[in-house]
Every structure is written in structure tokens, then in C-alpha cells.
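Q: So that we are looking at the same thing, I have put the structure below in C-alpha cells.
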Amino acid sequence: MSKGKILVTGGAGFIGSHQVDLLIKEGYKVVVVDDLSTGQQENLPESLVFYKVDIRDAELAEVFAKEKPDYVFHFAAQINVNRSVDDPIFDADVNIIGSLNVLDNCVEHGVKKIMFSSTGGALYGEAETIPTPEDYPCTPLSPYGIAKLAVENYVRFYFEQKGLSYGITRYANVYGPRQNSKGEAGVVAIFAEKMLAGEPIMIHGEGHQTRDFVYVGDVVAANLCVFQSDKNDTYNVGTGRQTTVNEIFNMVRRSLDLDFEPKHVDVFSGQKVSCLSAEKIKQNLGWSPKTKIEEGVAATVEWFATKSSDLRVDLRR
Ligand SMILES: NC(=O)c1ccc[n+]([C@@H]2O[C@H](COP(=O)([O-])OP(=O)(O)OC[C@H]3O[C@@H](n4cnc5c(N)ncnc54)[C@H](O)[C@@H]3O)[C@@H](O)[C@H]2O)c1
């Protein structure tokens, strides 16, 4: 028997599509809404019910009315931090107004619980406590982080005032197969694709800046844990470990067995350190990351290598 129907917004994207795979495996019925602005339909099983709809559009209500989902996983977002700095209105339109449209539809159509994908990396600023726990003050430095925090607060408001249950997960730097290498955040994807194409790789500054890299398979497992718990709560999803950009570069290079040197350009002026404490989700729900960074990077590189060899075959046809 099906465990219920889940509408996944942004399900054709990197993390969303892995979530779709896991939810189907777990026995849920899944439908996806995505405008394909950065996602790709080929990330999804062919038989899946798919709506090419923008979460800001009135058409979203028709999808809710037709599909009557029991639950919603909300991944759809403008995810580019630099773009949010250049165009805060567009960022807020998608990430705040679009999310409010999703929330309103959840209430209107009797959805039992919403899962919201937030950020840890863009929420705590240059934190003094590393790894950073959930109760550390949120001082986002970009419109992207500001919008994510606003939506977290709206999600809690919809729970308090309208009875919509929720789970909020704040991700560290997620990496893995299907990540879009055209974005700015996916350094593993960017390094892998550039090395495979023989293109030069620039690292801003010395490359000593650190991030908390968490594998996508672990992230979707964490979301499932939070979704299946009875608590309405907010959790970091990270590893508690820092890895430098140089270390990532070396792991990708080792996985490809290539002789490649990066060019260090400019002075790095961004956030120097980012690392999330995942103690709360471990203590409360028993989740901890399973994938070692070397294994996750190797799996990601392998996926990019297969994809690029497929492309070469296509070009020869
Ligand atoms: N990747 C990370 O490291 C990371 C870290 C923190 C939070 N997040 C959050 O996780 C979620 C998924 O991110 P991702 O890395 O998979 O990015 P992604 O770009 O692969 O996924 C976003 C998906 O949303 C879709 N989308 C964008 N705007 C839309 C709109 N207006 N209407 C409908 N669909 C729309 C895109 O086509 C895409 O499929 C986002 O909410 C993002 O903010 C990601």
C-alpha cells in the first residue's frame, strides 16, 4: 500500500531528484513541479508525473487541486548567491513569494506536512563557533540567506497559525552526482567538469577557505528522517568537518589520475570558514553522514566522467 503522495517542488534539480529517487524507493507516490530553469527532466524517471510550472504561477493551485498531495518537499529556489546580490528582487520573488504560494496552497489543499530546504552555509555568517549549531545567531550576509531565513519564519508561522506541520533542514555545501557545474557553489562539480574538459581551473586566493561538504545521498536520507519524525523542528545537515578548497582540488585530481595545477587568482574576500554542527539531528533523530568525503568525491567524479564520455559519443554521431 502507498504511504501517501508527495509533491516535490524543484524535483528535477540536483538534490530534489535524489530525494525523488529515495521517496519512490521508500514506497511514496511522487509528483514533481519544476520550471526547469536549472533542473533537467532527464534527472527523473520517465514514468513520473511531472508539471513544468513556476512556483510563482497561479497554475500551481491547479496542480494541487488535481494531485491532492498529502505532503510537500519544497526544493524549488533561485540558488545563486551572487545573483541574489545583483538582483535581490528576483531572488525574493522566487524564494519568498514563490515559497508563500507553495505554503498557501499547502493550507488550501489540506497538505499534512511541508519539508523546507534551507541553508546553514549562508545563514550563520562568519561564525565564531565552529562547528556552528542551530541556535547560533542567524546573520545572513546575502539576499539569498535573508530570503531563506524569512521563509523559515513563514514556515513556523504557518505551523503556529494555520496548523501546517513542518520540517526545516539547513544544508551545508551539498555535492554529488547531477550537481550543476554551471552554478557557483558546486566546487566538486566545477573542478571535475573542468579537469575532464582540460580547461584551466582558477582558485580564488590561496585556497585555504573551508567548507563543510556533505554528500547528497546523506542529505536526502536526513530529509527523510526529519520528514518521518513527529517533531516540527529545524536541523542542520552537515558533517561537522571542514575541508579546504585545495583539498577538494587534490581529491578530484587524484580520482581522475590527472596531472593538473590550479591557478590561484585574486585575493579571496568571501567567507573563510563554514562548518555545521550536526549534533542535534544525530541526538534527536539518529542521523549522521555515512559517506566519507574521498568516497563521495570519487563517486561524483565518476558520474561526471561517464556523462562527459556520453557527450563525446553524442557529438560524433
Ligand atoms: N546545493 C547546496 O549546497 C544547497 C545548500 C543549501 C541549500 N540548498 C537548497 O536546496 C534546494 C535545492 O538546491 P539544488 O542545489 O538542488 O539546486 P538546483 O538548482 O539543482 O535545484 C533547484 C530546482 O528548482 C527549480 N526551480 C527554480 N526556480 C523555480 C521556480 N520559480 N519554479 C519552479 N521550479 C523552480 C530548478 O529548475 C531546479 O530544478 C534549494 O532550495 C537550495 O536553496 C542547496
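If you're wondering about the labels, chains in the C-alpha cells are A, B, ... by order shown, residues count from 1 in each chain, ligands from 1 in order shown.
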Taking the chain letters and numbering used in this document, name the residues of region 155-255 of chain A that DSSP puts in alpha helix (DSSP H), as number ranges by chain.

A: A: 155-162, 187-197, 216-228, 245-255

Q: Output the neighbourhood of ligand 1 as an MDAnalysis selection string, that is, all protein and nucleic acid residues with some atom at most 8 Å from the ligand, counting only C-alpha atoms and all ligand atoms.

A: chainID A and resid 9:17 33:40 52:56 74:79 94:95 98 116:122 148 170:175 178:180 185:186

Q: Write out as an NGL selection string which residues come within 12 Å of Arg156 (chain A) when counting only C-alpha atoms, dropping same-chain ones fewer than 4 positions away.

A: :A and (103 or 113-116 or 149-152 or 160-168 or 232-234)

Q: Next, the residues of the selection above should be written as a PDB file, in the first residue's frame with N, CA and C atoms.

A:
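Contents of part_25.pdb, as written:
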```pdb
ATOM      1  N   LEU A 103       3.243  27.546   0.269  1.00  0.00           N
ATOM      2  CA  LEU A 103       2.672  27.407   1.619  1.00  0.00           C
ATOM      3  C   LEU A 103       1.154  27.612   1.603  1.00  0.00           C
ATOM      4  N   LYS A 113       2.097  18.036   5.863  1.00  0.00           N
ATOM      5  CA  LYS A 113       3.429  18.475   6.334  1.00  0.00           C
ATOM      6  C   LYS A 113       4.234  19.009   5.163  1.00  0.00           C
ATOM      7  N   ILE A 114       5.001  20.066   5.416  1.00  0.00           N
ATOM      8  CA  ILE A 114       5.925  20.583   4.399  1.00  0.00           C
ATOM      9  C   ILE A 114       7.357  20.436   4.896  1.00  0.00           C
ATOM     10  N   MET A 115       8.223  20.025   3.979  1.00  0.00           N
ATOM     11  CA  MET A 115       9.658  19.994   4.263  1.00  0.00           C
ATOM     12  C   MET A 115      10.301  21.146   3.506  1.00  0.00           C
ATOM     13  N   PHE A 116      11.046  21.980   4.195  1.00  0.00           N
ATOM     14  CA  PHE A 116      11.654  23.141   3.548  1.00  0.00           C
ATOM     15  C   PHE A 116      13.187  23.034   3.553  1.00  0.00           C
ATOM     16  N   LEU A 149      16.016  32.643   5.482  1.00  0.00           N
ATOM     17  CA  LEU A 149      15.635  32.843   6.882  1.00  0.00           C
ATOM     18  C   LEU A 149      14.192  33.336   6.983  1.00  0.00           C
ATOM     19  N   ALA A 150      13.814  34.242   6.068  1.00  0.00           N
ATOM     20  CA  ALA A 150      12.431  34.743   6.069  1.00  0.00           C
ATOM     21  C   ALA A 150      11.455  33.583   5.858  1.00  0.00           C
ATOM     22  N   VAL A 151      11.769  32.708   4.905  1.00  0.00           N
ATOM     23  CA  VAL A 151      10.841  31.597   4.622  1.00  0.00           C
ATOM     24  C   VAL A 151      10.793  30.620   5.802  1.00  0.00           C
ATOM     25  N   GLU A 152      11.946  30.383   6.440  1.00  0.00           N
ATOM     26  CA  GLU A 152      11.914  29.563   7.668  1.00  0.00           C
ATOM     27  C   GLU A 152      10.882  30.138   8.636  1.00  0.00           C
ATOM     28  N   GLU A 160       2.224  27.581  13.393  1.00  0.00           N
ATOM     29  CA  GLU A 160       1.578  28.142  14.591  1.00  0.00           C
ATOM     30  C   GLU A 160       0.148  28.594  14.304  1.00  0.00           C
ATOM     31  N   GLN A 161      -0.033  29.282  13.188  1.00  0.00           N
ATOM     32  CA  GLN A 161      -1.318  29.945  12.925  1.00  0.00           C
ATOM     33  C   GLN A 161      -2.261  29.118  12.068  1.00  0.00           C
ATOM     34  N   LYS A 162      -1.743  28.240  11.231  1.00  0.00           N
ATOM     35  CA  LYS A 162      -2.605  27.523  10.287  1.00  0.00           C
ATOM     36  C   LYS A 162      -2.483  26.013  10.402  1.00  0.00           C
ATOM     37  N   GLY A 163      -1.647  25.560  11.346  1.00  0.00           N
ATOM     38  CA  GLY A 163      -1.590  24.131  11.648  1.00  0.00           C
ATOM     39  C   GLY A 163      -0.864  23.275  10.627  1.00  0.00           C
ATOM     40  N   LEU A 164      -0.031  23.881   9.772  1.00  0.00           N
ATOM     41  CA  LEU A 164       0.718  23.095   8.781  1.00  0.00           C
ATOM     42  C   LEU A 164       2.018  22.577   9.421  1.00  0.00           C
ATOM     43  N   SER A 165       2.120  21.261   9.605  1.00  0.00           N
ATOM     44  CA  SER A 165       3.339  20.687  10.195  1.00  0.00           C
ATOM     45  C   SER A 165       4.523  20.898   9.267  1.00  0.00           C
ATOM     46  N   TYR A 166       5.734  20.899   9.838  1.00  0.00           N
ATOM     47  CA  TYR A 166       6.903  21.181   9.011  1.00  0.00           C
ATOM     48  C   TYR A 166       8.155  20.485   9.525  1.00  0.00           C
ATOM     49  N   GLY A 167       9.120  20.422   8.626  1.00  0.00           N
ATOM     50  CA  GLY A 167      10.496  20.098   8.975  1.00  0.00           C
ATOM     51  C   GLY A 167      11.383  21.028   8.160  1.00  0.00           C
ATOM     52  N   ILE A 168      12.361  21.645   8.832  1.00  0.00           N
ATOM     53  CA  ILE A 168      13.292  22.514   8.111  1.00  0.00           C
ATOM     54  C   ILE A 168      14.689  21.916   8.219  1.00  0.00           C
ATOM     55  N   ASN A 232       8.082  19.119  14.910  1.00  0.00           N
ATOM     56  CA  ASN A 232       8.166  20.255  13.995  1.00  0.00           C
ATOM     57  C   ASN A 232       9.414  21.014  14.401  1.00  0.00           C
ATOM     58  N   ASP A 233      10.487  20.833  13.638  1.00  0.00           N
ATOM     59  CA  ASP A 233      11.763  21.384  14.126  1.00  0.00           C
ATOM     60  C   ASP A 233      12.717  21.702  12.981  1.00  0.00           C
ATOM     61  N   THR A 234      13.840  22.316  13.354  1.00  0.00           N
ATOM     62  CA  THR A 234      14.834  22.799  12.383  1.00  0.00           C
ATOM     63  C   THR A 234      16.179  22.135  12.688  1.00  0.00           C
TER      64      THR A 234
END
```

Q: Grab the CA of Leu100 (chain A) to CA of Pro137 (chain A) distance for me, in Å with one decimal place.

A: 24.0 Å

Q: Can you pull out every residue from region 125-197 of chain A that DSSP, working from the backbone, puts in strand (DSSP E), and format the result as a list in words?

A: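 Matching residues, listed in order: Ser165, Tyr166, Gly167, Ile168, Thr169, Arg170, Tyr171, Asn173, Val174 and Tyr175 of chain A.
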
Q: Using only C-alpha atoms, which protein or nucleic acid residues come within 9 Å of Ser274 (chain A)? Drop anything in the same chain fewer than 2 positions from it, and give the result as a CSV table (one decimal) with C-alpha atoms, in the first residue's frame.

A:
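Here's the written file around25.csv:
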```
chain,number,residue,atom,x,y,z
A,120,GLY,CA,23.3,26.6,7.0
A,121,GLY,CA,26.2,27.8,4.9
A,122,ALA,CA,24.5,31.1,4.1
A,124,TYR,CA,25.3,32.0,10.2
A,125,GLY,CA,27.7,34.4,8.6
A,126,GLU,CA,31.4,34.3,9.6
A,127,ALA,CA,30.5,32.3,12.8
A,130,ILE,CA,32.8,26.1,14.6
A,131,PRO,CA,31.1,23.7,14.0
A,132,THR,CA,28.1,26.0,14.2
A,172,ALA,CA,26.0,22.7,4.4
A,173,ASN,CA,27.7,22.5,1.0
A,209,GLN,CA,39.0,28.7,2.7
A,210,THR,CA,37.0,25.8,4.2
A,211,ARG,CA,33.5,24.4,3.7
A,212,ASP,CA,31.5,21.6,5.2
A,242,GLN,CA,36.0,21.3,7.3
A,271,GLN,CA,33.5,33.7,3.9
A,272,LYS,CA,36.7,32.0,5.1
A,276,LEU,CA,27.8,23.0,10.6
```

Q: Using only C-alpha atoms, which of A:Ser47, A:Gly145, A:Lys25, A:Leu258 sits nearest Asn80 (chain A)?

A: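 Counting only C-alpha atoms, the residue closest to Asn80 (chain A) is A:Gly145.
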
Q: Nearest to Glu67 (chain A): which of A:Leu141, A:Ala299, A:Val188, A:Val31 is it, counting only C-alpha atoms?

A: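 Looking at the shortest contact to Glu67 (chain A), the residue is A:Val31.
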
Q: Please report as a Markdown table every residue of region 234-256 of chain A lying within 9 Å of region 300-310 of chain A, along with the nearest atom pair and their distance in Å (one decimal), using only C-alpha atoms.

A:
```
| residue | atom | partner | partner_atom | distance |
| --- | --- | --- | --- | --- |
| A:Val252 | CA | A:Val301 | CA | 6.7 |
| A:Ser255 | CA | A:Val301 | CA | 6.9 |
| A:Leu256 | CA | A:Val301 | CA | 7.4 |
```

Q: Counting only C-alpha atoms, which of A:Gly110, A:Ile146, A:Lys194, A:Glu42 gets nearest to Ser84 (chain A)?

A: A:Ile146

Q: Using CA of Val187 (chain A) and CA of Asp218 (chain A) as the two end points, give the distance in Å to one decimal.

A: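 Atom-to-atom, CA of Val187 (chain A) to CA of Asp218 (chain A), that is 18.0 Å.
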
Q: Give me, please, the distance in Å between CA of Ser277 (chain A) and CA of Ile24 (chain A), quoted to one decimal.

A: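 CA of Ser277 (chain A) sits 29.3 Å away from CA of Ile24 (chain A).
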
Q: Could you tell me which of A:Val49, A:Val273, A:Leu285, A:Val245 comes closest to Val226 (chain A) if we count only C-alpha atoms?

A: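 Counting only C-alpha atoms, the residue closest to Val226 (chain A) is A:Leu285.
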